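J.: Before anything else, here's the structure in question.
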Amino acid sequence: MELQINAEGQLLDGEGNLVKIGEEEATVTNAVTKDKMNATIQERLARQTDKIKTLEAQAIKTPDLERLLTELRAEKTQMEESLSHAQAEAEGKVATQLKTTMTRAEQAEANLKVERESHVRTQLTNAILGTVGDKFINPAEDIVPRLLSVHKREPVLGEDGKPTGKHNDLFEVDVAADENGQIKREFVPVDKAVEFMAANPKFAHYVRSRNTGGPGSSAFSGIRATKRSELLTPKDKSEFITKHGLDAFKALPA
C-alpha cells in the first residue's frame, strides 16, 4: 500500500483518504514533509545566494576600496606635510616675534638708560648751577660741561656695608699745585669742585671777579703755565711775567 503524509503529518492512502488505525486517524509526529523539506532547502538556498551576492559585491568593490584607501593615505600624507609646514611656519613666526620682542626690550632698556642719564645730568646741572652762584660769567657753558665730564657717582654704604639707596656725586678736579707747578687731582663734592675751579688760574677767564688775595692765599699759588695759550688775558700774562720773569714767558711754547 502506498502512503503519503500531508502538511499536518497525517497518513493518506493512494486515493488521498485518511488512514485510520482502529477508530483514530494515523498521524506521524515530527514528520518532515516534502513541502517542509522544499521550504528548508529554499531557505538555505536563499541564504547561500545572499552570501554569494555579498561576496561577489565585495569582490567587485575591492578595487574601489583599494582606490579609496590609496586616496585616504595620500590625503593623510598631505595633511602630515601640511602639519609639518605649519609647525615650521609657526616656529618661524615665534622666532620672529621673540626677536622683535627682544629688540623692543633692548631698545626700551636703552631708552630708559638714556632717560636716566639725562635725568642725572639734569640733576647735576641744577646742583652745579645752584652752587656756583655768581662766581662765573657763564657757568652753564663754561663750568657745567667740564664738571659733568669728570663726574662719578658712588653709593652710600650703611654700617652693614650694604648700599643704602643714597649716593654721593663727586667731581675730579685740580685741588693743588706745588712750587714746580705739578697738579694734584682729587674727587671732591660739587661745592669743593666749584671752589677749586674758581681758584685755578686756568679758569680765571671764566670767573666774574678774580680773587686778588696775596701770595700763598691760593692752593694754586705755585702753579705755572706750560704754554702761552693758557695765559688768555693780558692780566694772566702780566702776572706770569711778574712771578716768573720775562725770559720764562718767552720760553713758553705757543
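Naming works like this for the C-alpha cells: A, B, ... for the chains as they're shown, residue 1 at the start of each chain, ligands 1 onward in shown order.
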Could you pull the residues within 9 Å of region 142-149 of chain A, counting only C-alpha atoms, minus those fewer than 3 positions along the same chain, as a list in words?

T.: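 Once the nearby chain positions are removed, what remains is Arg121, Leu124, Thr125, Ile128, Leu129, Val132, Phe136, Ile137, Asn138, Pro139, Lys152, Phe171, Glu172, Val173, Val190, Ala193, Val194, Met197, Phe203 and Tyr206 of chain A.
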
J.: Residues of region 89-200 of chain A classed as strand (DSSP E or B) by DSSP on the backbone are to be reported as a PyMOL selection string.

T.: chain A and resi 136+151-157+163-177+183-188

J.: Which residues are near Leu18 (chain A)? Cut-off 10 Å, only C-alpha atoms, ignore same chain within fewer than 4 positions. Put them as number ranges by chain.

T.: A: 3-6, 10-14, 24-27

J.: Next, the residues of the selection above should be written as a tab-separated table (two decimals), in the first residue's frame with C-alpha atoms.

T.:
```
chain	number	residue	atom	x	y	z
A	3	LEU	CA	1.01	6.03	1.79
A	4	GLN	CA	1.59	9.74	1.89
A	5	ILE	CA	1.93	12.36	4.62
A	6	ASN	CA	0.10	15.65	4.31
A	10	GLN	CA	-1.48	12.72	8.69
A	11	LEU	CA	-1.18	9.48	6.70
A	12	LEU	CA	-3.06	9.29	3.42
A	13	ASP	CA	-3.75	6.31	1.20
A	14	GLY	CA	-3.22	6.24	-2.52
A	24	GLU	CA	-8.19	7.07	15.19
A	25	GLU	CA	-6.54	8.81	12.32
A	26	ALA	CA	-2.90	7.92	11.92
A	27	THR	CA	-0.59	10.87	12.41
```

J.: Would you mind reading off the distance between CA of His205 (chain A) and CA of Lys135 (chain A), one decimal, in Å?

T.: 11.3 Å

J.: Neighbouring residues of region 234-241 of chain A were defined as those with any atom within 9 Å, considering only C-alpha atoms; residues of the same chain fewer than 5 positions away were excluded. Please report them as a list in words.

T.: Pro201, Ala204, His205, Arg224, Ala225, Arg228, Leu246, Asp247, Ala248 and Phe249 of chain A

J.: I need the residues from that last selection saved to file as a compact mmCIF listing (two decimals), in the first residue's frame (with N, CA, C and O atoms), if you can.

T.:
```
# COMPACT_ATOMS: atom_id res chain seq x y z
N PRO A 201 94.01 129.20 38.24
CA PRO A 201 94.32 130.21 37.21
C PRO A 201 93.91 129.79 35.81
O PRO A 201 93.65 130.63 34.96
N ALA A 204 90.58 131.23 35.22
CA ALA A 204 90.41 132.61 35.70
C ALA A 204 89.56 133.44 34.75
O ALA A 204 88.81 134.32 35.19
N HIS A 205 89.67 133.18 33.46
CA HIS A 205 88.92 133.97 32.48
C HIS A 205 87.42 133.66 32.53
O HIS A 205 86.63 134.35 31.91
N ARG A 224 102.24 127.01 37.48
CA ARG A 224 102.99 127.64 36.41
C ARG A 224 102.45 127.14 35.09
O ARG A 224 102.30 125.93 34.90
N ALA A 225 102.16 128.08 34.19
CA ALA A 225 101.63 127.72 32.87
C ALA A 225 102.67 126.93 32.09
O ALA A 225 103.87 127.16 32.24
N ARG A 228 101.86 129.26 26.28
CA ARG A 228 101.29 130.63 26.26
C ARG A 228 99.77 130.61 26.09
O ARG A 228 99.10 131.53 26.55
N LEU A 246 110.39 137.59 32.46
CA LEU A 246 110.11 137.71 31.03
C LEU A 246 110.72 136.56 30.25
O LEU A 246 110.14 136.07 29.28
N ASP A 247 111.92 136.15 30.66
CA ASP A 247 112.58 135.04 29.93
C ASP A 247 111.76 133.76 30.02
O ASP A 247 111.66 133.00 29.05
N ALA A 248 111.16 133.52 31.19
CA ALA A 248 110.33 132.32 31.33
C ALA A 248 109.11 132.41 30.44
O ALA A 248 108.67 131.42 29.85
N PHE A 249 108.55 133.64 30.33
CA PHE A 249 107.38 133.82 29.46
C PHE A 249 107.75 133.55 28.01
O PHE A 249 107.03 132.87 27.28
```

J.: Report, in Å to a single decimal, how far apart CA of Lys166 (chain A) and CA of Gly130 (chain A) are.

T.: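 Going from CA of Gly130 (chain A) over to CA of Lys166 (chain A), I get 20.2 Å.
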
J.: To one decimal place in Å, what is the distance between CA of Gly16 (chain A) and CA of Thr40 (chain A)?

T.: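 Computing the Euclidean distance for CA of Gly16 (chain A) and CA of Thr40 (chain A) yields 24.6 Å.
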